[in-house]
file coords-v7.tsv (TSV, C-alpha atoms)
chain	number	residue	atom	x	y	z
E	230	MET	CA	170.25	-23.00	91.90
E	231	SER	CA	169.15	-21.56	95.26
E	232	LEU	CA	165.68	-20.33	96.13
E	233	LEU	CA	166.78	-16.78	95.34
E	234	VAL	CA	168.54	-17.63	92.07
E	235	PRO	CA	166.39	-19.37	89.45
E	236	PRO	CA	167.89	-21.23	86.48
E	237	ARG	CA	169.18	-19.05	83.68
E	238	ARG	CA	166.78	-18.61	80.75
E	239	PHE	CA	168.93	-18.00	77.69
E	240	ASP	CA	167.94	-18.87	74.13
E	241	PRO	CA	170.31	-17.59	71.42
E	242	ALA	CA	167.57	-18.19	68.84
E	243	VAL	CA	165.45	-15.50	70.53
E	244	PRO	CA	167.70	-12.45	70.97
E	245	GLU	CA	166.71	-9.41	72.93
E	246	MET	CA	164.91	-6.85	70.80
E	247	MET	CA	167.74	-4.33	70.83
E	248	ASP	CA	170.03	-6.98	69.31
E	249	ARG	CA	167.74	-7.42	66.33
E	250	ARG	CA	168.30	-5.52	63.10
E	251	GLY	CA	165.63	-3.31	61.57
E	252	ASN	CA	164.29	-1.70	64.74
E	253	ASP	CA	162.40	1.53	64.28
E	254	PRO	CA	165.11	4.22	64.73
E	255	ALA	CA	162.91	6.34	67.00
E	256	LEU	CA	162.10	3.39	69.24
E	257	LEU	CA	165.77	2.31	69.34
E	258	ARG	CA	166.84	5.85	70.25
E	259	ALA	CA	164.23	5.92	73.02
E	260	ASP	CA	165.37	2.50	74.27
E	261	LEU	CA	168.98	3.70	74.50
E	262	HIS	CA	167.71	6.71	76.45
E	263	VAL	CA	165.98	4.31	78.87
E	264	LEU	CA	169.21	2.34	79.29
E	265	GLY	CA	171.11	5.56	79.93
E	266	ASN	CA	168.61	6.46	82.64
E	267	PHE	CA	168.97	3.00	84.16
E	268	ASN	CA	172.74	3.53	84.28
E	269	ARG	CA	172.24	6.98	85.78
E	270	PHE	CA	169.70	6.11	88.46
E	271	LEU	CA	170.48	2.43	89.17
E	272	GLY	CA	174.22	2.77	89.63
E	273	GLY	CA	175.84	1.99	86.29
E	274	HIS	CA	177.63	5.33	86.01
E	275	ARG	CA	178.58	5.31	89.68
E	276	ILE	CA	180.04	1.80	89.36
E	277	ALA	CA	182.15	2.74	86.34
E	278	LEU	CA	183.54	5.92	87.90
E	279	GLY	CA	184.12	4.36	91.32
E	280	TYR	CA	186.19	1.47	90.03
E	281	LEU	CA	187.95	3.74	87.54
E	282	ASP	CA	189.06	5.96	90.42
E	283	GLU	CA	190.45	2.90	92.22
E	284	LEU	CA	192.33	1.69	89.15
E	285	LEU	CA	193.87	5.02	88.26
E	286	GLU	CA	194.79	6.38	91.70
E	287	LYS	CA	198.27	4.82	91.45
E	288	LEU	CA	198.73	5.41	87.72
E	289	PRO	CA	201.39	8.16	87.35
E	290	THR	CA	199.98	9.76	84.22
E	291	SER	CA	197.65	12.55	83.18
E	292	ARG	CA	196.69	10.68	80.01
E	293	VAL	CA	194.50	7.59	80.04
E	294	SER	CA	193.23	5.38	77.23
E	295	VAL	CA	189.89	3.62	77.71
E	296	LEU	CA	188.10	0.98	75.65
E	297	ASP	CA	184.35	0.73	76.24
E	298	LEU	CA	182.87	-2.46	74.81
E	299	ALA	CA	179.22	-2.81	73.74
E	300	THR	CA	178.87	0.91	74.30
E	301	GLY	CA	175.24	1.22	73.20
E	302	GLY	CA	174.37	4.91	73.18
E	303	ALA	CA	177.83	5.69	74.65
E	304	ASP	CA	176.43	7.18	77.86
E	305	VAL	CA	179.24	5.61	79.93
E	306	PRO	CA	182.01	7.10	77.72
E	307	ARG	CA	180.39	10.54	77.99
E	308	ILE	CA	180.23	10.30	81.77
E	309	ILE	CA	183.90	9.27	81.86
E	310	ALA	CA	184.87	12.13	79.53
E	311	GLN	CA	183.03	14.59	81.78
E	312	TRP	CA	184.70	13.09	84.88
E	313	ALA	CA	188.13	13.41	83.20
E	314	ARG	CA	187.56	17.04	82.21
E	315	GLN	CA	186.66	17.92	85.79
E	316	ARG	CA	189.90	16.34	87.03
E	317	GLY	CA	192.18	17.70	84.35
E	318	VAL	CA	192.91	14.21	83.05
E	319	ARG	CA	193.40	13.73	79.33
E	320	VAL	CA	191.34	10.73	78.30
E	321	GLU	CA	191.04	8.98	74.96
E	322	ILE	CA	188.02	6.69	74.76
E	323	THR	CA	187.30	4.17	72.05
E	324	ALA	CA	183.63	3.16	72.18
E	325	VAL	CA	182.80	-0.10	70.41
E	326	ASP	CA	179.56	-1.77	69.43
E	327	GLY	CA	178.62	-4.36	66.85
E	328	ASN	CA	175.26	-2.90	65.86
E	329	PRO	CA	175.55	-0.24	63.12
E	330	GLU	CA	172.09	1.15	63.87
E	331	ILE	CA	173.07	1.75	67.48
E	332	LEU	CA	176.42	3.23	66.47
E	333	ARG	CA	174.73	5.85	64.30
E	334	ILE	CA	172.92	7.08	67.39
E	335	ALA	CA	176.10	6.90	69.50
E	336	ARG	CA	177.98	9.02	66.98
E	337	GLU	CA	175.27	11.67	67.13
E	338	GLN	CA	175.32	11.64	70.93
E	339	CYS	CA	179.11	12.01	71.03
E	340	ALA	CA	179.43	14.72	68.37
E	341	SER	CA	180.54	17.30	70.95
E	342	TRP	CA	182.92	14.93	72.73
E	343	PRO	CA	186.21	14.78	70.76
E	344	GLU	CA	187.67	12.48	73.42
E	345	ILE	CA	185.40	9.68	72.17
E	346	ARG	CA	186.03	7.67	69.01
E	347	ILE	CA	183.32	5.28	67.80
E	348	GLU	CA	184.23	1.96	66.16
E	349	GLN	CA	182.22	-1.05	64.98
E	350	HIS	CA	183.51	-4.47	66.04
E	351	ASP	CA	182.12	-7.81	67.13
E	352	LEU	CA	183.10	-8.54	70.72
E	353	LEU	CA	184.19	-12.04	69.74
E	354	THR	CA	186.61	-10.76	67.08
E	355	LEU	CA	188.14	-7.65	68.61
E	356	PRO	CA	191.20	-6.50	66.63
E	357	TYR	CA	193.13	-4.80	69.44
E	358	PRO	CA	196.63	-5.95	70.47
E	359	VAL	CA	197.62	-7.07	73.95
E	360	ALA	CA	197.88	-4.23	76.50
E	361	SER	CA	196.67	-1.64	73.96
E	362	PHE	CA	194.38	0.27	76.38
E	363	ASP	CA	194.96	1.29	79.98
E	364	VAL	CA	191.44	0.34	81.06
E	365	VAL	CA	188.77	-1.80	79.40
E	366	LEU	CA	185.12	-1.40	80.38
E	367	CYS	CA	182.11	-3.50	79.51
E	368	SER	CA	178.61	-2.74	80.81
E	369	LEU	CA	175.31	-4.64	80.67
E	370	THR	CA	176.66	-7.01	78.03
E	371	LEU	CA	177.65	-10.46	79.26
E	372	HIS	CA	174.05	-11.63	79.63
E	373	HIS	CA	173.65	-11.35	75.84
E	374	PHE	CA	176.07	-14.27	75.36
E	375	SER	CA	176.42	-17.96	76.10
E	376	ALA	CA	178.80	-18.95	78.90
E	377	PRO	CA	181.58	-20.16	76.52
E	378	ASN	CA	181.44	-16.86	74.65
E	379	VAL	CA	181.56	-14.93	77.92
E	380	VAL	CA	184.76	-16.78	78.82
E	381	ALA	CA	186.23	-15.79	75.45
E	382	ILE	CA	185.21	-12.15	75.92
E	383	LEU	CA	186.64	-12.00	79.45
E	384	ARG	CA	189.91	-13.47	78.20
E	385	ARG	CA	190.20	-10.81	75.49
E	386	ILE	CA	189.33	-8.04	77.94
E	387	HIS	CA	192.10	-9.25	80.23
E	388	ASP	CA	194.57	-9.37	77.35
E	389	ILE	CA	193.72	-5.92	75.96
E	390	ALA	CA	193.86	-4.12	79.31
E	391	ARG	CA	197.23	-2.73	80.40
E	392	VAL	CA	196.23	-1.47	83.86
E	393	GLY	CA	192.89	-3.10	84.58
E	394	TYR	CA	189.29	-3.72	83.61
E	395	ILE	CA	185.79	-2.97	84.90
E	396	ILE	CA	182.87	-5.18	83.91
E	397	ASN	CA	179.40	-4.67	85.30
E	398	ASP	CA	176.26	-6.54	84.42
E	399	LEU	CA	172.88	-7.55	85.71
E	400	ARG	CA	172.78	-10.11	88.51
E	401	ARG	CA	170.19	-12.88	88.19
E	402	ASN	CA	167.91	-13.23	91.20
E	403	ARG	CA	164.18	-13.47	91.80
E	404	VAL	CA	163.89	-9.95	93.23
E	405	ALA	CA	165.48	-8.34	90.15
E	406	ILE	CA	163.37	-10.46	87.80
E	407	GLY	CA	160.18	-9.63	89.68
E	408	LEU	CA	160.91	-5.91	89.80
E	409	SER	CA	161.82	-5.81	86.11
E	410	LYS	CA	158.54	-7.50	85.20
E	411	LEU	CA	156.64	-5.03	87.37
E	412	MET	CA	158.37	-2.07	85.70
E	413	ALA	CA	157.68	-3.56	82.26
E	414	ARG	CA	153.97	-3.65	83.10
E	415	THR	CA	153.82	-0.19	84.65
E	416	VAL	CA	156.49	2.48	84.13
E	417	ILE	CA	158.29	1.31	80.96
E	418	SER	CA	156.45	2.42	77.83
E	419	ASN	CA	159.08	1.72	75.17
E	420	PRO	CA	158.25	-1.67	73.58
E	421	ILE	CA	161.92	-2.63	73.14
E	422	ALA	CA	162.74	-1.93	76.77
E	423	ARG	CA	159.48	-3.51	77.93
E	424	PHE	CA	160.54	-6.84	76.40
E	425	ASP	CA	164.26	-6.58	77.11
E	426	ALA	CA	164.17	-5.53	80.78
E	427	PRO	CA	162.77	-8.79	82.22
E	428	ALA	CA	164.44	-10.88	79.50
E	429	SER	CA	167.83	-9.41	80.44
E	430	CYS	CA	167.33	-10.19	84.13
E	431	GLU	CA	166.40	-13.79	83.30
E	432	ARG	CA	169.42	-14.17	80.99
E	433	ALA	CA	171.87	-12.67	83.48
E	434	PHE	CA	174.45	-14.71	85.36
E	435	SER	CA	174.84	-15.15	89.10
E	436	VAL	CA	177.89	-14.05	91.07
E	437	ALA	CA	179.02	-17.66	91.41
E	438	GLU	CA	178.69	-18.27	87.67
E	439	LEU	CA	180.63	-15.11	86.84
E	440	ARG	CA	183.41	-16.12	89.22
E	441	VAL	CA	183.73	-19.54	87.56
E	442	MET	CA	183.87	-17.98	84.09
E	443	ALA	CA	186.47	-15.43	85.23
E	444	VAL	CA	188.72	-18.20	86.50
E	445	GLN	CA	188.22	-20.16	83.28
E	446	ALA	CA	189.24	-17.04	81.32
E	447	GLY	CA	192.49	-16.80	83.26
E	448	LEU	CA	191.66	-13.71	85.29
E	449	GLY	CA	193.67	-13.63	88.48
E	450	ASN	CA	193.72	-10.40	90.48
E	451	PHE	CA	190.03	-9.52	90.54
E	452	VAL	CA	187.10	-8.88	92.87
E	453	ILE	CA	183.38	-9.38	92.31
E	454	ARG	CA	180.91	-7.24	94.23
E	455	ARG	CA	177.13	-7.04	94.34
E	456	HIS	CA	175.56	-3.63	93.73
E	457	GLY	CA	171.94	-3.55	94.82
E	458	PHE	CA	169.40	-6.09	93.63
E	459	PHE	CA	170.15	-5.63	89.94
E	460	ARG	CA	173.91	-5.33	89.46
E	461	MET	CA	177.25	-6.94	90.03
E	462	ALA	CA	180.70	-5.88	88.95
E	463	ILE	CA	184.02	-7.58	88.42
E	464	ALA	CA	187.11	-5.40	88.50
E	465	GLY	CA	190.70	-6.47	88.12
E	466	ARG	CA	194.19	-5.04	88.03
E	467	LYS	CA	196.92	-6.44	85.82
call {"tool": "encode", "arguments": {"input": "coords-v7.tsv", "output": "structure tokens"}}
result
Amino acid sequence: MSLLVPPRRFDPAVPEMMDRRGNDPALLRADLHVLGNFNRFLGGHRIALGYLDELLEKLPTSRVSVLDLATGGADVPRIIAQWARQRGVRVEITAVDGNPEILRIAREQCASWPEIRIEQHDLLTLPYPVASFDVVLCSLTLHHFSAPNVVAILRRIHDIARVGYIINDLRRNRVAIGLSKLMARTVISNPIARFDAPASCERAFSVAELRVMAVQAGLGNFVIRRHGFFRMAIAGRK
């Protein structure tokens, strides 16, 4: 590890709070709202839409199928549905998460968005056939898993995507970890987010680690880019 990238701190026996069952529904709902704001103000939505534009600019169709993995409160699918409506593109989005408590909230949030279908699946046992969706997205998720499981997830994402895939996650570095700890002590009031924000930054991978795992998963035509202190994204075309 370099001076700017400390060793990864990942303990599967101590999951992040949002991954635990039995959270207070009001606190979980508030935590998902915090994550949605992070995506809104710290670039998550912009990353998804920017890479989606790149992937679809040469796709000769007005109908696009999207799979969003580990959707959480489904804020990314709603942003994509809004983007598609503005462009006159017919989009069908399948939003997947493994946590039934989170999915109940996602279904409520997506009640007025018929383009979005909610399904419960474990990311390590996804049932979808090869090339069954035009684009596969996955946001703020890889850091929840061990490196071997990340390789397995990346391989399945590559298989399921027909056109391409967009994966963005936190990027481990001392600046992001320090800022997340500062926010947890000051501006973040939700107890789930207060624990998870710095824990997520410490569990995140580096750009170099993500590149190695992508190659191990068999991904070929991809790029990895840094986005600010907190984020990185890997996007690929089939």
call {"tool": "closest_atom_pairs", "arguments": {"input": "coords-v7.tsv", "of": "range 302-418 of chain E", "to": "range 283-287 of chain E", "cutoff": "12 Å", "atoms": "all atoms listed in the file", "output": "tab-separated table"}}
result
residue	atom	partner	partner_atom	distance
E:Ala313	CA	E:Leu285	CA	11.4
E:Val318	CA	E:Leu285	CA	10.6
E:Val320	CA	E:Leu285	CA	11.8
E:Asp363	CA	E:Leu285	CA	9.1
E:Val364	CA	E:Leu284	CA	8.3
E:Val365	CA	E:Leu284	CA	11.0
E:Leu366	CA	E:Leu284	CA	11.8
E:Ala390	CA	E:Leu284	CA	11.5
E:Arg391	CA	E:Leu284	CA	11.0
E:Val392	CA	E:Leu284	CA	7.3
E:Gly393	CA	E:Leu284	CA	6.6
E:Tyr394	CA	E:Leu284	CA	8.3
E:Ile395	CA	E:Leu284	CA	9.1
call {"tool": "residues_near_point", "arguments": {"input": "coords-v7.tsv", "point": "(173.6, -14.6, 90.0)", "cutoff": "8 Å", "atoms": "all atoms listed in the file", "output": "ChimeraX atom specification"}}
result
/E:234,400-402,433-439
call {"tool": "closest_residue", "arguments": {"input": "coords-v7.tsv", "among": "E:Ala303, E:Leu448, E:Ile308, E:Val243", "to": "Glu337 in chain E", "atoms": "all atoms listed in the file"}}
result
E:Ala303
call {"tool": "residues_around", "arguments": {"input": "coords-v7.tsv", "residues": "Ala310 in chain E", "least_positions_apart": "3", "cutoff": "10 Å", "atoms": "only C-alpha atoms", "output": "list in words"}}
result
Asp304, Val305, Pro306, Arg307, Ala313, Arg314, Gln315, Arg316, Val318, Arg319, Val320, Glu321, Ile322, Trp342, Pro343, Glu344 and Ile345 of chain E
call {"tool": "atom_distance", "arguments": {"input": "coords-v7.tsv", "atom1": "CA of Pro427 in chain E", "atom2": "CA of Cys367 in chain E"}}
result
20.2 Å
call {"tool": "atom_distance", "arguments": {"input": "coords-v7.tsv", "atom1": "CA of Arg258 in chain E", "atom2": "CA of Ala405 in chain E"}}
result
24.5 Å
call {"tool": "closest_residue", "arguments": {"input": "coords-v7.tsv", "among": "E:Leu355, E:Leu271, E:Ala462, E:Leu411", "to": "Asp398 in chain E", "atoms": "all atoms listed in the file"}}
result
E:Ala462
call {"tool": "residues_near_point", "arguments": {"input": "coords-v7.tsv", "point": "(160.2, -7.0, 73.0)", "cutoff": "12 Å", "atoms": "all atoms listed in the file", "output": "ChimeraX atom specification"}}
result
/E:243-249,252,256-257,260,413,417-429
call {"tool": "atom_distance", "arguments": {"input": "coords-v7.tsv", "atom1": "CA of Lys467 in chain E", "atom2": "CA of Phe362 in chain E"}}
result
11.9 Å
call {"tool": "closest_residue", "arguments": {"input": "coords-v7.tsv", "among": "E:Lys410, E:Arg346, E:Phe270, E:Pro241", "to": "Asn378 in chain E", "atoms": "only C-alpha atoms"}}
result
E:Pro241
call {"tool": "residues_around", "arguments": {"input": "coords-v7.tsv", "residues": "Ser368 in chain E", "least_positions_apart": "4", "cutoff": "8 Å", "atoms": "all atoms listed in the file", "output": "PDB file with C-alpha atoms, keeping the file's coordinate frame"}}
result
ATOM      1  CA  GLY E 273     175.840   1.990  86.290  1.00  0.00           C
ATOM      2  CA  LEU E 298     182.870  -2.460  74.810  1.00  0.00           C
ATOM      3  CA  ALA E 299     179.220  -2.810  73.740  1.00  0.00           C
ATOM      4  CA  THR E 300     178.870   0.910  74.300  1.00  0.00           C
ATOM      5  CA  ILE E 396     182.870  -5.180  83.910  1.00  0.00           C
ATOM      6  CA  ASN E 397     179.400  -4.670  85.300  1.00  0.00           C
ATOM      7  CA  ASP E 398     176.260  -6.540  84.420  1.00  0.00           C
TER       8      ASP E 398
END
call {"tool": "axis_aligned_box", "arguments": {"input": "coords-v7.tsv", "around": "range 388-395 of chain E", "padding_each_side": "5 Å", "output": "AutoDock Vina command-line options"}}
result
--center_x 191.5 --center_y -5.4 --center_z 80.4 --size_x 21.4 --size_y 17.9 --size_z 18.9
